[in-house]
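Participant: Got a structure for you, data.cif, holding mmCIF, C-alpha atoms.
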```cif
data_run
loop_
_atom_site.label_atom_id
_atom_site.label_comp_id
_atom_site.auth_asym_id
_atom_site.auth_seq_id
_atom_site.Cartn_x
_atom_site.Cartn_y
_atom_site.Cartn_z
CA MET A 105 -149.18 252.81 126.08
CA PRO A 106 -151.85 251.82 123.51
CA GLY A 107 -154.34 249.39 124.97
CA ALA A 108 -152.87 249.67 128.46
CA ALA A 109 -156.17 250.89 129.89
CA ALA A 110 -158.05 247.93 128.44
CA GLU A 111 -157.96 245.04 130.88
CA PRO A 112 -158.01 241.64 129.09
CA ASP A 113 -160.99 240.49 131.17
CA GLU A 114 -162.96 243.51 129.95
CA LEU A 115 -161.98 242.81 126.35
CA VAL A 116 -162.82 239.10 126.31
CA THR A 117 -166.59 239.51 126.06
CA PRO A 118 -169.14 238.71 123.34
CA ALA A 119 -169.35 242.41 122.44
CA HIS A 120 -165.70 242.40 121.34
CA ARG A 121 -165.64 239.00 119.62
CA LEU A 122 -164.07 239.09 116.15
CA ALA A 123 -164.53 236.86 113.13
CA ALA A 124 -161.72 236.00 110.74
CA ALA A 125 -163.14 238.20 107.99
CA THR A 126 -164.06 241.22 110.14
CA PRO A 127 -164.24 244.13 107.63
CA ALA A 128 -163.46 246.80 110.26
CA TRP A 129 -159.94 245.38 110.68
CA ARG A 130 -159.12 244.78 107.01
CA ASP A 131 -157.28 248.08 106.60
CA LEU A 132 -154.90 247.14 109.44
CA ALA A 133 -154.35 243.71 107.94
CA ASP A 134 -153.39 245.41 104.65
CA LEU A 135 -151.00 247.75 106.50
CA PHE A 136 -149.27 244.84 108.20
CA ALA A 137 -149.09 242.84 104.96
CA HIS A 138 -147.12 245.68 103.33
CA GLN A 139 -145.16 246.74 106.40
CA PRO A 140 -141.49 247.58 105.62
CA ASP A 141 -138.64 246.28 107.77
CA THR A 142 -139.09 247.67 111.28
CA ALA A 143 -136.80 247.96 114.31
CA ALA A 144 -137.57 249.28 117.80
CA ASP A 145 -136.18 249.10 121.32
CA PHE A 146 -138.08 246.96 123.83
CA THR A 147 -138.27 246.09 127.51
CA GLU A 148 -139.45 242.65 128.58
CA ARG A 149 -140.75 241.91 132.07
CA ARG A 150 -141.19 238.33 133.27
CA GLN A 151 -143.22 237.66 136.41
CA PHE A 152 -142.95 234.20 137.96
CA PRO A 153 -144.83 232.69 140.94
CA PHE A 154 -141.55 231.95 142.74
CA LYS A 155 -140.13 235.50 142.43
CA ARG A 156 -141.36 238.56 144.31
CA GLU A 157 -140.07 241.03 141.73
CA PRO A 158 -140.27 240.68 137.94
CA VAL A 159 -137.18 239.92 135.90
CA GLU A 160 -136.46 242.72 133.40
CA LEU A 161 -134.69 242.31 130.06
CA GLN A 162 -133.93 244.86 127.36
CA GLY A 163 -133.07 244.76 123.70
CA GLU A 164 -134.10 245.58 120.16
CA ALA A 165 -136.92 244.01 118.17
CA ARG A 166 -136.84 243.59 114.40
CA VAL A 167 -139.85 242.62 112.33
CA SER A 168 -139.68 241.54 108.70
CA ALA A 169 -142.72 240.44 106.71
CA ALA A 170 -140.53 237.94 104.85
CA ARG A 171 -138.22 236.78 107.66
CA GLY A 172 -140.29 236.94 110.85
CA LEU A 173 -139.58 238.36 114.30
CA SER A 174 -136.14 238.80 115.86
CA LEU A 175 -135.63 239.82 119.49
CA HIS A 176 -132.01 240.82 120.19
CA TYR A 177 -131.56 240.87 123.97
CA THR A 178 -128.75 243.16 125.11
CA SER A 179 -129.33 242.95 128.88
CA PRO A 180 -128.77 241.07 131.13
CA GLU A 181 -127.05 238.88 128.51
CA ASP A 182 -126.52 239.10 124.77
CA ARG A 183 -128.62 236.67 122.75
CA THR A 184 -131.09 236.69 119.87
CA VAL A 185 -134.41 234.87 119.67
CA ILE A 186 -135.65 234.34 116.10
CA LEU A 187 -139.25 233.38 115.41
CA ASP A 188 -140.05 232.54 111.79
CA ALA A 189 -141.80 230.00 109.57
CA GLN A 190 -139.19 227.38 110.52
CA GLY A 191 -139.93 227.75 114.23
CA LEU A 192 -137.82 229.11 117.07
CA LEU A 193 -134.05 229.62 117.02
CA ILE A 194 -131.93 230.94 119.89
CA ARG A 195 -128.58 232.46 118.96
CA ALA A 196 -126.03 233.24 121.71
CA ARG A 197 -122.28 233.73 122.04
CA THR A 198 -121.88 229.98 122.59
CA GLY A 199 -123.71 229.08 119.36
CA GLU A 200 -127.27 228.57 118.25
CA LYS A 201 -129.92 226.00 119.04
CA SER A 202 -133.54 225.16 118.39
CA PRO A 203 -135.56 224.03 121.42
CA PRO A 204 -136.91 220.45 121.25
CA ALA A 205 -140.14 220.07 119.31
CA ASP A 206 -143.11 220.89 121.55
CA PRO A 207 -146.67 221.21 120.15
CA ARG A 208 -147.50 223.81 122.81
CA ALA A 209 -144.48 225.98 121.97
CA THR A 210 -145.24 225.58 118.27
CA ALA A 211 -148.79 226.82 118.84
CA ALA A 212 -147.58 229.85 120.81
CA ASN A 213 -144.90 230.74 118.25
CA GLY A 214 -147.32 230.33 115.37
CA ALA A 215 -149.90 232.50 117.13
CA LEU A 216 -147.41 235.34 117.57
CA ARG A 217 -146.31 235.13 113.93
CA HIS A 218 -149.90 235.23 112.70
CA LEU A 219 -150.77 238.05 115.10
CA LEU A 220 -147.89 240.18 113.84
CA ARG A 221 -149.32 239.80 110.33
CA PHE A 222 -152.99 240.11 111.35
CA GLU A 223 -153.77 236.69 109.88
CA PHE A 224 -157.01 236.12 111.75
CA ALA A 225 -158.09 233.07 109.73
CA ALA A 226 -154.90 231.23 110.73
CA LEU A 227 -155.57 231.96 114.42
CA GLU A 228 -159.22 230.91 114.60
CA PRO A 229 -158.72 227.12 114.84
CA ASP A 230 -156.84 227.44 118.16
CA PHE A 231 -158.04 230.76 119.60
CA GLU A 232 -161.14 232.86 120.06
CA LEU A 233 -160.39 236.40 118.84
CA TYR A 234 -161.38 239.58 120.63
CA GLY A 235 -160.51 243.16 119.75
CA ARG A 236 -161.23 246.86 120.08
CA ARG A 237 -160.20 249.88 118.02
CA ASP A 238 -160.10 253.59 118.74
CA GLY A 239 -158.83 255.33 115.62
CA ASP A 240 -155.30 254.09 114.96
CA SER A 241 -155.04 252.51 118.43
CA TRP A 242 -156.07 248.87 118.76
CA ILE A 243 -155.89 245.90 121.09
CA LEU A 244 -156.37 242.19 120.38
CA ALA A 245 -156.75 239.26 122.77
CA LEU A 246 -156.46 235.57 121.95
CA ALA A 247 -158.27 233.16 124.26
CA PRO A 248 -157.18 229.52 123.80
CA ARG A 249 -159.95 227.12 122.81
CA THR A 250 -158.55 224.05 124.61
CA ASP A 251 -157.50 223.29 128.19
CA LEU A 252 -154.05 222.25 126.95
CA LEU A 253 -153.42 225.65 125.34
CA ARG A 254 -154.90 227.49 128.33
CA GLN A 255 -152.49 225.71 130.68
CA SER A 256 -149.41 225.91 128.46
CA ILE A 257 -149.79 229.32 126.79
CA GLY A 258 -152.56 231.21 128.51
CA ARG A 259 -154.03 234.35 127.02
CA ILE A 260 -152.12 236.44 124.48
CA THR A 261 -152.78 240.17 124.24
CA VAL A 262 -151.26 242.48 121.64
CA ALA A 263 -151.77 246.26 121.39
CA GLY A 264 -150.48 248.89 119.00
CA GLU A 265 -150.98 251.94 116.85
CA ALA A 266 -151.59 251.58 113.10
CA ALA A 267 -148.98 249.04 111.88
CA ALA A 268 -146.75 249.39 114.98
CA VAL A 269 -147.00 246.77 117.73
CA ARG A 270 -146.38 248.44 121.10
CA ARG A 271 -147.19 245.76 123.66
CA ILE A 272 -147.28 241.95 123.78
CA GLU A 273 -148.44 240.02 126.83
CA LEU A 274 -148.52 236.27 127.45
CA ARG A 275 -150.47 235.55 130.64
CA ARG A 276 -150.77 232.04 132.07
CA SER A 277 -151.98 233.30 135.46
CA ALA A 278 -152.00 236.48 137.56
CA ARG A 279 -148.52 235.56 138.83
CA GLN A 280 -147.02 234.17 135.62
CA VAL A 281 -146.86 236.86 132.95
CA ILE A 282 -144.45 237.89 130.19
CA GLU A 283 -144.93 241.46 128.98
CA ILE A 284 -142.96 243.07 126.14
CA LEU A 285 -143.21 246.87 125.86
CA ILE A 286 -142.01 248.16 122.49
CA ALA A 287 -140.89 251.76 121.96
CA PRO A 288 -141.90 253.75 118.84
CA PRO A 289 -140.12 252.26 115.81
CA HIS A 290 -136.88 253.65 114.42
CA PRO A 291 -137.09 255.54 111.08
CA PRO A 292 -137.98 253.02 108.33
CA ALA A 293 -134.99 251.46 106.57
CA ASP A 294 -134.42 248.12 104.88
CA PHE A 295 -132.27 245.76 106.92
CA THR A 296 -128.73 245.53 105.61
CA ALA A 297 -127.22 242.22 104.50
CA GLU A 298 -125.20 242.20 107.73
CA GLU A 299 -128.33 242.73 109.87
CA VAL A 300 -130.18 239.97 108.05
CA LYS A 301 -127.30 237.55 108.62
CA LYS A 302 -126.92 238.49 112.29
CA TYR A 303 -130.54 238.75 113.38
CA PHE A 304 -132.44 236.37 111.07
CA ARG A 305 -131.78 233.12 109.22
#
```
Write out the structure in this file as structure tokens.
Facilitator:
Amino acid sequence: MPGAAAEPDELVTPAHRLAAATPAWRDLADLFAHQPDTAADFTERRQFPFKREPVELQGEARVSAARGLSLHYTSPEDRTVILDAQGLLIRARTGEKSPPADPRATAANGALRHLLRFEFAALEPDFELYGRRDGDSWILALAPRTDLLRQSIGRITVAGEAAAVRRIELRRSARQVIEILIAPPHPPADFTAEEVKKYFR
């Protein structure tokens, strides 16, 4: 898995600190800006302090430059989580709902959206940026600037190859971690009108 060998603590050092206008990452930012509709299978593992074993979920991720990120969970229950410019929307068999407004959740959702588009300038006010590249493989870490964000979100790490995100981790502590492992993307194809209606808004 790209970036798997890079521990976040090893990455978050002055030697790997990035500025918003880092030239060495501009080509990746351009790739993400022109990325076609993408779909890929994923596995999500959630580790909580009160559980000995992680909870595992599976599904399919869809990324659209215009519409945002959609995570369609197929196991253990069917539901879709949509993250876009309007915020967070959860769509299940019983209907759809938006969680109550929460500045901390808004910051986390916004950070993921900006990360998936390599919009470093939009991330800098709330996070220190760290990164490393090895050819097409790359890894980025976001360290919150404030105690509030550190306690509510923790550190965000994203790794991938070229314009394909392969791993997302949200770590509040050693025992409270959400990790999303994304398989290689399906062959490129524009989302159909039916997919857009079902998985986005």
Participant: Residues at most 10 Å from Pro180 in chain A, counting all atoms listed in the file, excluding those fewer than 5 positions away in the same chain, as a tab-separated table (two decimals) with C-alpha atoms, keeping the file's coordinate frame?
Facilitator:
```tsv
chain	number	residue	atom	x	y	z
A	159	VAL	CA	-137.18	239.92	135.90
A	160	GLU	CA	-136.46	242.72	133.40
A	161	LEU	CA	-134.69	242.31	130.06
A	162	GLN	CA	-133.93	244.86	127.36
A	163	GLY	CA	-133.07	244.76	123.70
```
Participant: Using CA of Ala165 in chain A and CA of Phe136 in chain A as the two end points, give the distance in Å to one decimal.
Facilitator: 15.9 Å
Participant: Kindly indicate which residue among A:Gln280, A:Thr142, A:Thr261, A:Thr296 lies nearest to Leu219 in chain A, using all atoms listed in the file for the distances.
Facilitator: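 The closest residue to Leu219 in chain A is A:Thr261.
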Participant: Give me the residues within 9 Å of Glu273 in chain A as a list in words, counting all atoms listed in the file and dropping any in the same chain fewer than 2 places off.
Facilitator: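 With the cut-off at 9 Å, the set is Arg259, Ile260, Thr261, Val262, Ala263, Arg271, Arg275, Val281, Ile282, Glu283, Ile284 and Leu285 of chain A.
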Participant: Could you write out as a list of chain:residue names the residues that the PyMOL selection byres ((chain A and resi 177-179) around 12) matches in the shown file?
Facilitator: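 When the PyMOL selection byres ((chain A and resi 177-179) around 12) is applied to the shown file, the picked residues are A:Asp145, A:Phe146, A:Thr147, A:Glu148, A:Arg149, A:Val159, A:Glu160, A:Leu161, A:Gln162, A:Gly163, A:Glu164, A:Ala165, A:Arg166, A:Ser174, A:Leu175, A:His176, A:Pro180, A:Glu181, A:Asp182, A:Arg183, A:Thr184, A:Val185, A:Ile186, A:Ile194, A:Arg195, A:Ala196, A:Arg197, A:Ile284, A:Tyr303.
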Participant: Output, as lines of an AutoDock Vina configuration file, the centre and edge lengths in Å (one decimal) of the axis-aligned box that contains all listed atoms of range 284-289 of chain A with 4 Å of margin on each side.
Facilitator:
```
center_x = -141.7
center_y = 248.4
center_z = 121.0
size_x = 11.1
size_y = 18.7
size_z = 18.3
```
